[in-house]
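**Q** Have a peek at run_11.txt (compact mmCIF, C-alpha atoms).
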# COMPACT_ATOMS: atom_id res chain seq x y z
CA MET X 1 27.90 -16.31 10.03
CA LYS X 2 29.74 -15.78 6.75
CA HIS X 3 28.13 -13.30 4.36
CA ARG X 4 28.29 -13.24 0.60
CA ALA X 5 27.55 -10.33 -1.74
CA SER X 6 24.92 -10.66 -4.41
CA GLY X 7 23.74 -7.96 -6.83
CA PHE X 8 20.14 -7.32 -7.92
CA ALA X 9 19.45 -5.37 -11.14
CA THR X 10 16.67 -2.81 -10.72
CA PRO X 11 15.04 0.00 -12.73
CA THR X 12 16.91 2.66 -10.75
CA ARG X 13 20.32 1.36 -9.66
CA PRO X 14 21.91 -1.95 -8.67
CA VAL X 15 21.28 -3.16 -5.13
CA ILE X 16 24.13 -5.12 -3.57
CA VAL X 17 23.05 -7.44 -0.79
CA GLY X 18 25.34 -8.83 1.88
CA ALA X 19 23.70 -11.85 3.49
CA PRO X 20 24.34 -15.49 4.46
CA GLN X 21 24.39 -17.83 1.47
CA ALA X 22 21.38 -19.80 2.72
CA LEU X 23 19.26 -16.64 2.92
CA LEU X 24 20.40 -15.53 -0.54
CA ASP X 25 19.48 -18.92 -1.95
CA LEU X 26 16.01 -18.77 -0.39
CA THR X 27 15.53 -15.23 -1.66
CA ARG X 28 16.57 -16.13 -5.21
CA ALA X 29 14.16 -19.06 -5.09
CA GLN X 30 11.31 -16.60 -4.45
CA ALA X 31 12.59 -14.27 -7.16
CA PRO X 32 14.04 -16.76 -9.65
CA HIS X 33 13.94 -14.40 -12.66
CA TRP X 34 15.34 -11.30 -10.95
CA PRO X 35 18.55 -10.53 -12.93
CA GLU X 36 21.84 -10.34 -11.10
CA ALA X 37 23.88 -7.16 -11.25
CA GLU X 38 27.47 -6.13 -10.83
CA GLY X 39 28.40 -3.54 -8.23
CA SER X 40 28.81 0.06 -9.35
CA ASP X 41 29.66 3.43 -7.85
CA ASN X 42 26.02 4.39 -7.48
CA ALA X 43 24.79 1.04 -6.16
CA ALA X 44 22.54 0.92 -3.10
CA HIS X 45 23.45 -1.57 -0.40
CA VAL X 46 21.43 -3.88 1.84
CA THR X 47 22.99 -5.76 4.72
CA ALA X 48 21.48 -8.67 6.62
CA LEU X 49 22.30 -8.64 10.33
CA THR X 50 21.96 -12.16 11.69
CA ALA X 51 21.69 -13.20 15.32
CA ASN X 52 22.96 -16.47 16.79
CA ASP X 53 19.46 -17.97 16.65
CA GLY X 54 19.33 -17.33 12.89
CA SER X 55 16.86 -14.44 13.14
CA VAL X 56 17.67 -11.54 10.87
CA ARG X 57 17.04 -7.84 10.36
CA PHE X 58 18.09 -5.58 7.54
CA MET X 59 19.84 -2.27 6.97
CA ALA X 60 19.74 -0.29 3.73
CA SER X 61 22.00 2.51 2.53
CA SER X 62 19.23 4.51 0.85
CA TYR X 63 16.59 4.56 3.62
CA ASP X 64 15.98 3.62 7.24
CA ALA X 65 14.68 0.08 6.94
CA PRO X 66 12.18 -0.84 9.68
CA ASP X 67 13.96 -2.45 12.61
CA VAL X 68 11.99 -5.70 12.43
CA VAL X 69 13.48 -9.02 13.52
CA LEU X 70 12.41 -11.87 11.25
CA PRO X 71 12.76 -15.60 11.86
CA PRO X 72 14.97 -17.52 9.43
CA GLY X 73 13.29 -19.05 6.40
CA LEU X 74 10.85 -17.68 3.87
CA LEU X 75 9.75 -14.81 6.08
CA ALA X 76 13.34 -13.57 6.18
CA ALA X 77 13.64 -14.03 2.41
CA ASN X 78 10.44 -12.07 1.90
CA GLY X 79 11.78 -9.37 4.20
CA LEU X 80 15.01 -9.22 2.21
CA ILE X 81 13.11 -8.84 -1.05
CA GLY X 82 11.09 -6.03 0.51
CA THR X 83 14.26 -4.29 1.65
CA VAL X 84 15.84 -4.60 -1.81
CA ILE X 85 12.70 -3.05 -3.34
CA GLY X 86 12.81 -0.32 -0.70
CA ALA X 87 16.48 0.33 -1.44
CA PHE X 88 16.00 0.86 -5.18
CA VAL X 89 12.77 2.84 -4.83
CA ALA X 90 14.17 5.15 -2.14
CA ALA X 91 17.22 5.84 -4.30
CA ASP X 92 15.20 7.66 -6.99
CA PRO X 93 12.57 10.39 -6.53
CA ASP X 94 10.80 9.22 -9.70
CA TRP X 95 9.74 5.98 -8.00
CA ILE X 96 7.33 4.96 -5.28
CA CYS X 97 6.07 1.51 -4.30
CA LEU X 98 2.49 0.52 -3.53
CA HIS X 99 1.65 -2.30 -1.14
CA ALA X 100 -0.97 -3.70 -3.50
CA ALA X 101 -1.79 -6.44 -5.96
CA ALA X 102 -2.13 -5.72 -9.68
CA VAL X 103 -3.30 -7.49 -12.81
CA ALA X 104 -3.31 -6.53 -16.48
CA LEU X 105 -6.82 -6.14 -17.91
CA GLY X 106 -8.37 -4.70 -21.04
CA ARG X 107 -7.40 -4.78 -24.67
CA GLY X 108 -5.61 -2.52 -27.11
CA GLU X 109 -5.17 1.05 -25.96
CA ARG X 110 -7.27 0.36 -22.90
CA ARG X 111 -4.97 -2.40 -21.70
CA GLY X 112 -3.46 -1.45 -18.38
CA LEU X 113 -3.04 -2.37 -14.77
CA THR X 114 -5.90 -2.68 -12.35
CA VAL X 115 -4.44 -2.17 -8.88
CA LEU X 116 -6.15 -3.79 -5.91
CA LEU X 117 -5.81 -1.90 -2.64
CA GLY X 118 -6.92 -3.04 0.77
CA ASP X 119 -5.96 -3.54 4.35
CA THR X 120 -4.14 -6.69 5.40
CA MET X 121 -6.53 -9.64 4.99
CA ALA X 122 -8.80 -7.60 2.68
CA GLY X 123 -8.32 -10.30 0.07
CA LYS X 124 -5.90 -8.63 -2.39
CA SER X 125 -3.86 -11.75 -3.06
CA THR X 126 -6.81 -14.13 -3.31
CA LEU X 127 -8.66 -11.81 -5.68
CA ALA X 128 -5.52 -11.27 -7.78
CA MET X 129 -4.96 -15.02 -8.04
CA ALA X 130 -8.63 -15.62 -8.82
CA LEU X 131 -8.28 -13.06 -11.64
CA ALA X 132 -5.15 -14.84 -12.86
CA ALA X 133 -7.08 -18.12 -12.86
CA CYS X 134 -9.72 -16.38 -15.01
CA GLY X 135 -7.10 -15.36 -17.58
CA ALA X 136 -5.83 -12.00 -16.34
CA ARG X 137 -2.06 -11.53 -16.27
CA LEU X 138 -0.71 -11.19 -12.74
CA TRP X 139 1.62 -8.21 -12.30
CA CYS X 140 2.18 -8.57 -8.57
CA ASP X 141 0.39 -9.88 -5.52
CA ASP X 142 1.95 -7.63 -2.89
CA ARG X 143 4.30 -4.88 -4.10
CA LEU X 144 4.07 -2.65 -7.17
CA PRO X 145 6.98 -0.30 -7.95
CA LEU X 146 5.48 2.65 -9.80
CA SER X 147 7.36 5.23 -11.87
CA ARG X 148 6.48 8.92 -12.14
CA ASP X 149 4.99 8.27 -15.59
CA MET X 150 2.59 5.71 -14.06
CA GLN X 151 4.32 2.58 -15.31
CA GLY X 152 3.93 -0.41 -13.01
CA PHE X 153 7.12 -2.49 -12.98
CA ALA X 154 6.81 -6.28 -12.77
CA LEU X 155 9.29 -8.05 -10.47
CA GLU X 156 8.03 -11.57 -11.18
CA LEU X 157 8.17 -12.62 -7.54
CA ARG X 158 6.54 -15.88 -6.53
CA PRO X 159 2.98 -14.94 -5.47
CA LYS X 160 1.71 -16.48 -2.28
CA LEU X 161 -1.65 -17.57 -0.97
CA ARG X 162 -2.94 -18.32 2.48
CA LEU X 163 -4.23 -21.85 3.04
CA PRO X 164 -6.72 -23.32 3.41
CA LEU X 165 -8.47 -21.79 0.42
CA PRO X 166 -11.93 -20.33 1.05
CA ASP X 167 -14.78 -22.85 0.93
CA SER X 168 -16.14 -20.97 -2.07
CA ALA X 169 -12.99 -21.64 -4.13
CA PRO X 170 -14.09 -23.44 -7.31
CA ALA X 171 -12.55 -26.87 -7.85
CA PRO X 172 -10.63 -25.73 -10.96
CA PHE X 173 -8.99 -22.97 -8.89
CA ALA X 174 -7.98 -25.43 -6.17
CA THR X 175 -6.50 -27.66 -8.86
CA LEU X 176 -4.52 -24.75 -10.29
CA VAL X 177 -3.18 -23.81 -6.86
CA GLU X 178 -2.17 -27.44 -6.34
CA ALA X 179 -0.34 -27.39 -9.67
CA TRP X 180 1.23 -23.97 -9.10
CA GLY X 181 2.31 -24.66 -5.51
CA THR X 182 6.06 -24.84 -4.95
CA VAL X 183 7.00 -24.48 -1.31
CA ARG X 184 4.87 -24.09 1.77
CA GLU X 185 5.73 -22.47 5.08
CA GLY X 186 3.15 -22.30 7.83
CA SER X 187 -0.18 -21.41 6.24
CA MET X 188 1.41 -19.81 3.18
CA VAL X 189 2.01 -21.53 -0.13
CA TYR X 190 4.31 -19.94 -2.73
CA LEU X 191 3.24 -20.37 -6.34
CA ALA X 192 5.07 -20.73 -9.65
CA LEU X 193 2.81 -19.52 -12.45
CA GLU X 194 3.15 -20.17 -16.16
CA LYS X 195 4.83 -17.51 -18.29
CA GLU X 196 1.56 -16.42 -19.87
CA THR X 197 -0.10 -16.01 -16.47
CA GLN X 198 2.48 -13.77 -14.80
CA ALA X 199 4.33 -10.75 -16.19
CA ALA X 200 8.06 -11.25 -16.63
CA PHE X 201 10.61 -9.27 -14.66
CA GLY X 202 11.01 -5.81 -16.17
CA GLU X 203 7.70 -5.67 -18.05
CA VAL X 204 5.92 -2.37 -17.57
CA LEU X 205 2.31 -1.34 -18.12
CA PRO X 206 0.49 1.89 -17.24
CA VAL X 207 -1.80 1.88 -14.23
CA ARG X 208 -5.33 2.56 -15.48
CA ARG X 209 -7.56 1.75 -12.51
CA LEU X 210 -7.31 1.76 -8.73
CA ILE X 211 -9.81 -0.36 -6.81
CA THR X 212 -10.17 -0.28 -3.04
CA LEU X 213 -11.50 -3.55 -1.67
CA GLU X 214 -14.14 -4.07 0.97
CA ARG X 215 -15.03 -7.66 1.70
CA SER X 216 -18.46 -8.11 3.20
CA PRO X 217 -19.47 -11.76 3.75
CA GLN X 218 -23.17 -10.83 3.58
CA ARG X 219 -22.82 -9.27 0.13
CA GLN X 220 -24.65 -11.22 -2.56
CA ALA X 221 -23.33 -9.66 -5.78
CA PRO X 222 -20.17 -7.58 -6.25
CA GLU X 223 -20.75 -3.86 -6.63
CA LEU X 224 -18.32 -1.36 -8.12
CA ALA X 225 -18.78 2.32 -7.25
CA VAL X 226 -16.93 5.45 -8.29
CA ALA X 227 -14.52 6.74 -5.63
CA GLY X 228 -13.39 10.34 -5.31
CA VAL X 229 -9.76 11.40 -5.68
CA GLY X 230 -9.55 12.47 -2.04
CA GLN X 231 -10.97 9.18 -0.80
CA MET X 232 -8.54 7.26 -3.00
CA VAL X 233 -5.58 9.28 -1.75
CA LYS X 234 -6.73 8.55 1.81
CA ARG X 235 -6.45 4.84 1.01
CA LEU X 236 -3.16 5.24 -0.86
CA VAL X 237 -1.33 7.09 1.93
CA PRO X 238 -0.89 4.13 4.31
CA VAL X 239 0.07 1.67 1.55
CA THR X 240 2.62 3.87 -0.20
CA PHE X 241 6.33 3.41 0.39
CA ALA X 242 8.11 6.69 -0.36
CA PRO X 243 10.39 7.63 2.54
CA HIS X 244 12.55 9.67 0.18
CA LEU X 245 9.73 12.11 -0.62
CA ASP X 246 8.70 14.75 1.88
CA PRO X 247 5.03 14.42 2.95
CA MET X 248 3.68 17.23 0.75
CA THR X 249 5.54 15.87 -2.29
CA ARG X 250 4.16 12.42 -1.47
CA LEU X 251 0.61 13.79 -1.28
CA THR X 252 1.07 15.62 -4.59
CA ARG X 253 2.36 12.43 -6.23
CA LEU X 254 -0.54 10.37 -4.89
CA ARG X 255 -3.01 12.98 -6.10
CA GLN X 256 -1.43 12.71 -9.57
CA VAL X 257 -1.74 8.92 -9.41
CA ALA X 258 -5.40 9.02 -8.37
CA THR X 259 -6.26 11.73 -10.89
CA ALA X 260 -4.70 9.76 -13.75
CA CYS X 261 -6.73 6.62 -12.97
CA GLU X 262 -10.29 5.42 -12.75
CA CYS X 263 -10.90 5.25 -9.00
CA ARG X 264 -13.35 2.60 -7.87
CA HIS X 265 -14.50 0.93 -4.65
CA LEU X 266 -15.45 -2.75 -4.83
CA VAL X 267 -17.72 -4.31 -2.22
CA TYR X 268 -17.84 -8.07 -2.57
CA GLY X 269 -18.54 -11.21 -0.65
CA ASP X 270 -16.70 -13.85 -2.62
CA SER X 271 -13.32 -13.42 -4.35
CA PHE X 272 -14.19 -15.76 -7.21
CA GLU X 273 -17.48 -14.05 -8.05
CA ALA X 274 -15.65 -10.72 -7.84
CA ALA X 275 -12.97 -11.98 -10.24
CA GLU X 276 -15.56 -13.05 -12.82
CA PHE X 277 -17.33 -9.71 -12.34
CA LEU X 278 -14.13 -7.72 -12.97
CA MET X 279 -13.20 -9.89 -15.98
CA GLN X 280 -16.50 -8.84 -17.59
CA GLY X 281 -15.17 -5.28 -17.59
CA PRO X 282 -17.67 -3.31 -15.49
CA GLY X 283 -17.09 0.43 -15.50
CA GLU X 284 -14.92 0.37 -18.62
CA MET H 1 -5.86 26.30 28.78
CA ASN H 2 -9.42 26.78 27.59
CA HIS H 3 -8.63 27.97 24.06
CA TRP H 4 -7.80 25.87 21.04
CA GLU H 5 -5.67 26.98 18.13
CA ARG H 6 -3.85 25.55 15.15
CA ALA H 7 -0.30 24.38 15.76
CA GLY H 8 2.31 26.28 13.78
CA GLY H 9 3.88 24.85 10.64
CA VAL H 10 1.02 22.56 9.62
CA SER H 11 0.70 22.16 5.83
CA GLU H 12 -2.70 21.82 4.18
CA ASN H 13 -3.58 19.90 1.05
CA PRO H 14 -7.29 19.94 0.15
CA MET H 15 -8.55 17.42 -2.41
CA ASP H 16 -12.18 17.66 -3.49
CA ASP H 17 -14.16 17.38 -0.25
CA ASP H 18 -11.22 15.85 1.61
CA LEU H 19 -8.58 17.65 3.59
CA PHE H 20 -5.09 16.34 4.31
CA LEU H 21 -2.76 17.92 6.84
CA VAL H 22 0.92 17.26 7.40
CA ALA H 23 2.06 17.41 11.02
CA PRO H 24 5.13 19.64 11.37
CA VAL H 25 7.25 17.50 13.70
CA SER H 26 6.42 13.92 12.73
CA GLY H 27 5.69 14.54 9.05
CA GLU H 28 2.64 12.34 9.47
CA ILE H 29 -0.04 12.75 6.81
CA VAL H 30 -3.46 13.02 8.44
CA HIS H 31 -6.77 12.75 6.60
CA LEU H 32 -9.48 14.72 8.37
CA ASP H 33 -13.03 13.47 8.51
CA ALA H 34 -15.88 15.95 8.16
CA MET H 35 -15.83 16.97 11.82
CA GLY H 36 -12.04 17.24 11.92
CA ALA H 37 -12.03 19.38 8.78
CA ALA H 38 -14.77 21.63 10.19
CA ILE H 39 -12.82 22.09 13.43
CA TRP H 40 -9.65 22.86 11.49
CA ARG H 41 -11.38 25.52 9.44
CA LEU H 42 -13.01 26.97 12.55
CA LEU H 43 -9.61 27.23 14.22
CA GLU H 44 -8.33 29.62 11.59
CA GLN H 45 -8.88 31.94 14.56
CA PRO H 46 -8.27 30.58 18.08
CA GLN H 47 -11.51 29.59 19.75
CA SER H 48 -12.63 28.72 23.25
CA LEU H 49 -14.11 25.29 23.75
CA GLU H 50 -17.45 26.93 24.52
CA ASP H 51 -17.37 28.84 21.21
CA ILE H 52 -16.53 25.67 19.29
CA GLN H 53 -19.38 23.82 20.96
CA ALA H 54 -21.78 26.69 20.29
CA THR H 55 -20.82 26.84 16.60
CA PHE H 56 -21.41 23.12 16.14
CA ALA H 57 -24.65 23.21 18.15
CA ALA H 58 -25.93 25.95 15.85
CA ALA H 59 -24.85 24.02 12.75
CA PHE H 60 -26.48 20.79 13.96
CA PRO H 61 -29.56 21.89 15.95
CA ASP H 62 -31.11 18.43 15.86
CA ALA H 63 -28.02 16.66 17.23
CA ASP H 64 -27.98 15.37 20.79
CA ALA H 65 -25.99 18.02 22.70
CA GLU H 66 -24.19 15.58 24.99
CA ARG H 67 -23.16 13.34 22.12
CA LEU H 68 -22.01 16.31 20.06
CA GLN H 69 -19.84 17.55 22.91
CA GLY H 70 -18.37 14.07 23.30
CA ASP H 71 -17.60 13.80 19.60
CA LEU H 72 -15.99 17.25 19.63
CA ALA H 73 -13.83 16.35 22.63
CA VAL H 74 -12.61 13.18 20.89
CA ALA H 75 -11.92 15.03 17.62
CA LEU H 76 -9.98 17.82 19.37
CA GLU H 77 -7.87 15.35 21.35
CA THR H 78 -7.16 13.37 18.15
CA LEU H 79 -5.99 16.53 16.37
CA LYS H 80 -3.92 17.47 19.41
CA ALA H 81 -2.30 14.02 19.62
CA ALA H 82 -1.32 14.34 15.94
CA GLY H 83 0.36 17.67 16.66
CA LEU H 84 -2.08 19.65 14.52
CA VAL H 85 -3.77 21.80 17.20
CA ARG H 86 -2.88 22.87 20.70
CA GLN H 87 -4.49 24.35 23.75
CA SER H 88 -3.55 27.78 25.05
CA ASP H 89 -4.56 30.17 27.79
CA GLY H 90 -6.24 32.37 25.20
Would you encode the structure as structure tokens?

**A**
Amino acid sequence: MKHRASGFATPTRPVIVGAPQALLDLTRAQAPHWPEAEGSDNAAHVTALTANDGSVRFMASSYDAPDVVLPPGLLAANGLIGTVIGAFVAADPDWICLHAAAVALGRGERRGLTVLLGDTMAGKSTLAMALAACGARLWCDDRLPLSRDMQGFALELRPKLRLPLPDSAPAPFATLVEAWGTVREGSMVYLALEKETQAAFGEVLPVRRLITLERSPQRQAPELAVAGVGQMVKRLVPVTFAPHLDPMTRLTRLRQVATACECRHLVYGDSFEAAEFLMQGPGE
Amino acid sequence: MNHWERAGGVSENPMDDDLFLVAPVSGEIVHLDAMGAAIWRLLEQPQSLEDIQATFAAAFPDADAERLQGDLAVALETLKAAGLVRQSDG
């Protein structure tokens, strides 16, 4: 399969991707505002290795990418985007990446990112989109590159949601998702938000608050509790991408992140109630 | 092989009431729960299993002895599997 080279501009160094044209096209469709870049001496490189059945895995010059075989289509495009992010983060010790959702909340000097942390299926994406529907600005629904000075970098990737929506989803939210929906693959729908609802590529904002999520269907009202630095670091360790930092340096960095933020633990039953609750500014 | 001791080269990073260890070979970051942290601190000097059990029994006199021994065995094996402690002949 013939490969083509395509450059991605990043906050650390250009990433040059070698991949089949169809995969590049799909990837650009999920990251339509990610600027292209020329190659340079210090560029990082990502290569797509395609099998005869169209499945693909990735190699990166700046870190050992996980040897995961992905089927062709949006999953492969998502995997390529993840590898590009990994390549630029791993190329610079000032950067790490959190597997998390984030939204901009607050006003004036208190405006900053609220980062939502949770295990897979904890409801990060749904809560982030519910917050966006309430007027918060979406920074990311899955991956947040974070600089040493605590600036969260927006990549303006298409957020995605799992369908069907929860039964508790308000009708206006379902209407928004219908309007935002672009492409669908399996149970996932990829969304195109308005400019005012999603941060543009390259926007940065300091991280002010980290919230670990615990969804409990029996919970009546959302409850936000203070979390200790150690407990927050425990939750950050498994969701932090930083293969270029030795473990003690990684722990020190995560301690700095947790110490610089309000650390909270949110127990909630319904994403939409939780979004309204967070929009009211509890704990600020 | 009745004694337990810390493996060499383990790095410690305490944070508030939490303790993080870094395994020397894998580089894995391990967060210790309260029992794991207590065992780790106890193993500053190598201990026999009987001494470890006796220390915990004295610290938790109301705990069911059989359950406590079971919890200790699980915690020690977890630490061992992570490369943080090892058994020796004493």

**Q** Up to 12 Å from chain X, what residues of chain H turn up? Count only C-alpha atoms and give them as a PyMOL selection string.

**A** chain H and resi 10-33

**Q** What are the closest atom pairs, with distances in Å to one decimal, for all residues of region 38-88 of chain H lying within 7 Å of region 1-6 of chain H? Consider only C-alpha atoms, order rows by chain and residue number, and present the result as CSV.

**A**
residue,atom,partner,partner_atom,distance
H:Leu43,CA,H:Glu5,CA,5.6
H:Gln45,CA,H:Glu5,CA,6.9
H:Pro46,CA,H:Glu5,CA,4.4
H:Gln47,CA,H:Trp4,CA,5.4
H:Ser48,CA,H:His3,CA,4.1
H:Leu49,CA,H:His3,CA,6.1
H:Leu84,CA,H:Arg6,CA,6.2
H:Val85,CA,H:Arg6,CA,4.3
H:Arg86,CA,H:Glu5,CA,5.6
H:Gln87,CA,H:Trp4,CA,4.5
H:Ser88,CA,H:Met1,CA,4.6

**Q** Find the residues near region 99-115 of chain X: any atom within 7 Å, counting only C-alpha atoms, skip ones fewer than 5 places away on the same chain, and give them as a list of chain:residue names.

**A** X:Lys124, X:Ser125, X:Ala128, X:Ala136, X:Arg137, X:Leu138, X:Trp139, X:Cys140, X:Asp141, X:Asp142, X:Arg143, X:Leu144, X:Leu205, X:Pro206, X:Val207, X:Arg208, X:Arg209, X:Leu210, X:Ile211, X:Val239, X:Thr240

**Q** Neighbouring residues of region 69-80 of chain X were defined as those with any atom within 8 Å, considering only C-alpha atoms; residues of the same chain fewer than 6 positions away were excluded. Please report them as a list of chain:residue names.

**A**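 Result of the neighbour search: X:Leu23, X:Leu24, X:Leu26, X:Thr27, X:Gln30, X:Ala48, X:Gly54, X:Ser55, X:Val56, X:Arg57, X:Phe58, X:Glu185.
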
**Q** What would the file look like if the residues just selected were written as a compact mmCIF listing (two decimals), in the frame of the given file with C-alpha atoms?

**A**
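Contents of the output file part28.txt:
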# COMPACT_ATOMS: atom_id res chain seq x y z
CA LEU X 23 19.26 -16.64 2.92
CA LEU X 24 20.40 -15.53 -0.54
CA LEU X 26 16.01 -18.77 -0.39
CA THR X 27 15.53 -15.23 -1.66
CA GLN X 30 11.31 -16.60 -4.45
CA ALA X 48 21.48 -8.67 6.62
CA GLY X 54 19.33 -17.33 12.89
CA SER X 55 16.86 -14.44 13.14
CA VAL X 56 17.67 -11.54 10.87
CA ARG X 57 17.04 -7.84 10.36
CA PHE X 58 18.09 -5.58 7.54
CA GLU X 185 5.73 -22.47 5.08

**Q** Please measure the separation of CA of Ala174 (chain X) and CA of Gln280 (chain X), giving the value in Å to one decimal.

**A**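 Spanning CA of Ala174 (chain X) to CA of Gln280 (chain X) is a straight-line distance of 21.9 Å.
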
**Q** Which is closest to Val183 (chain X) among X:His244, X:Ala130, X:Ala29, X:Gly82, if we use only C-alpha atoms?

**A**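 Result for the nearest residue to Val183 (chain X): X:Ala29.
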
**Q** Would you work out the distance separating CA of Phe153 (chain X) from CA of Ile81 (chain X), expressed in Å to one decimal?

**A** 14.8 Å

**Q** With the input short on atoms, add N, CA and C atoms back to region 61-80 of chain H and write it as a PDB file, in the frame of the given file.

**A**
ATOM      1  N   PRO H  61     -28.586  21.649  14.868  1.00  0.00           N
ATOM      2  CA  PRO H  61     -29.560  21.890  15.950  1.00  0.00           C
ATOM      3  C   PRO H  61     -30.308  20.638  16.392  1.00  0.00           C
ATOM      4  N   ASP H  62     -30.372  19.636  15.505  1.00  0.00           N
ATOM      5  CA  ASP H  62     -31.110  18.430  15.860  1.00  0.00           C
ATOM      6  C   ASP H  62     -30.229  17.391  16.568  1.00  0.00           C
ATOM      7  N   ALA H  63     -28.927  17.653  16.626  1.00  0.00           N
ATOM      8  CA  ALA H  63     -28.020  16.660  17.230  1.00  0.00           C
ATOM      9  C   ALA H  63     -28.149  16.666  18.747  1.00  0.00           C
ATOM     10  N   ASP H  64     -27.963  15.490  19.327  1.00  0.00           N
ATOM     11  CA  ASP H  64     -27.980  15.370  20.790  1.00  0.00           C
ATOM     12  C   ASP H  64     -26.778  16.151  21.346  1.00  0.00           C
ATOM     13  N   ALA H  65     -27.033  17.101  22.227  1.00  0.00           N
ATOM     14  CA  ALA H  65     -25.990  18.020  22.700  1.00  0.00           C
ATOM     15  C   ALA H  65     -24.861  17.269  23.404  1.00  0.00           C
ATOM     16  N   GLU H  66     -25.220  16.301  24.223  1.00  0.00           N
ATOM     17  CA  GLU H  66     -24.190  15.580  24.990  1.00  0.00           C
ATOM     18  C   GLU H  66     -23.302  14.762  24.049  1.00  0.00           C
ATOM     19  N   ARG H  67     -23.934  14.141  23.064  1.00  0.00           N
ATOM     20  CA  ARG H  67     -23.160  13.340  22.120  1.00  0.00           C
ATOM     21  C   ARG H  67     -22.252  14.235  21.271  1.00  0.00           C
ATOM     22  N   LEU H  68     -22.791  15.380  20.862  1.00  0.00           N
ATOM     23  CA  LEU H  68     -22.010  16.310  20.060  1.00  0.00           C
ATOM     24  C   LEU H  68     -20.775  16.782  20.828  1.00  0.00           C
ATOM     25  N   GLN H  69     -20.977  17.098  22.092  1.00  0.00           N
ATOM     26  CA  GLN H  69     -19.840  17.550  22.910  1.00  0.00           C
ATOM     27  C   GLN H  69     -18.798  16.437  23.050  1.00  0.00           C
ATOM     28  N   GLY H  70     -19.291  15.203  23.202  1.00  0.00           N
ATOM     29  CA  GLY H  70     -18.370  14.070  23.300  1.00  0.00           C
ATOM     30  C   GLY H  70     -17.578  13.867  22.026  1.00  0.00           C
ATOM     31  N   ASP H  71     -18.284  13.968  20.889  1.00  0.00           N
ATOM     32  CA  ASP H  71     -17.600  13.800  19.600  1.00  0.00           C
ATOM     33  C   ASP H  71     -16.569  14.908  19.388  1.00  0.00           C
ATOM     34  N   LEU H  72     -16.924  16.133  19.769  1.00  0.00           N
ATOM     35  CA  LEU H  72     -15.990  17.250  19.630  1.00  0.00           C
ATOM     36  C   LEU H  72     -14.746  17.040  20.492  1.00  0.00           C
ATOM     37  N   ALA H  73     -14.965  16.569  21.721  1.00  0.00           N
ATOM     38  CA  ALA H  73     -13.830  16.350  22.630  1.00  0.00           C
ATOM     39  C   ALA H  73     -12.874  15.315  22.039  1.00  0.00           C
ATOM     40  N   VAL H  74     -13.441  14.237  21.489  1.00  0.00           N
ATOM     41  CA  VAL H  74     -12.610  13.180  20.890  1.00  0.00           C
ATOM     42  C   VAL H  74     -11.848  13.739  19.683  1.00  0.00           C
ATOM     43  N   ALA H  75     -12.561  14.490  18.837  1.00  0.00           N
ATOM     44  CA  ALA H  75     -11.920  15.030  17.620  1.00  0.00           C
ATOM     45  C   ALA H  75     -10.793  15.995  17.983  1.00  0.00           C
ATOM     46  N   LEU H  76     -11.029  16.860  18.977  1.00  0.00           N
ATOM     47  CA  LEU H  76      -9.980  17.820  19.370  1.00  0.00           C
ATOM     48  C   LEU H  76      -8.768  17.092  19.947  1.00  0.00           C
ATOM     49  N   GLU H  77      -8.999  16.081  20.764  1.00  0.00           N
ATOM     50  CA  GLU H  77      -7.870  15.350  21.350  1.00  0.00           C
ATOM     51  C   GLU H  77      -7.101  14.578  20.264  1.00  0.00           C
ATOM     52  N   THR H  78      -7.821  14.080  19.257  1.00  0.00           N
ATOM     53  CA  THR H  78      -7.160  13.370  18.150  1.00  0.00           C
ATOM     54  C   THR H  78      -6.255  14.329  17.373  1.00  0.00           C
ATOM     55  N   LEU H  79      -6.794  15.520  17.090  1.00  0.00           N
ATOM     56  CA  LEU H  79      -5.990  16.530  16.370  1.00  0.00           C
ATOM     57  C   LEU H  79      -4.790  16.951  17.219  1.00  0.00           C
ATOM     58  N   LYS H  80      -5.016  17.056  18.517  1.00  0.00           N
ATOM     59  CA  LYS H  80      -3.920  17.470  19.410  1.00  0.00           C
ATOM     60  C   LYS H  80      -2.835  16.385  19.452  1.00  0.00           C
TER      61      LYS H  80
END
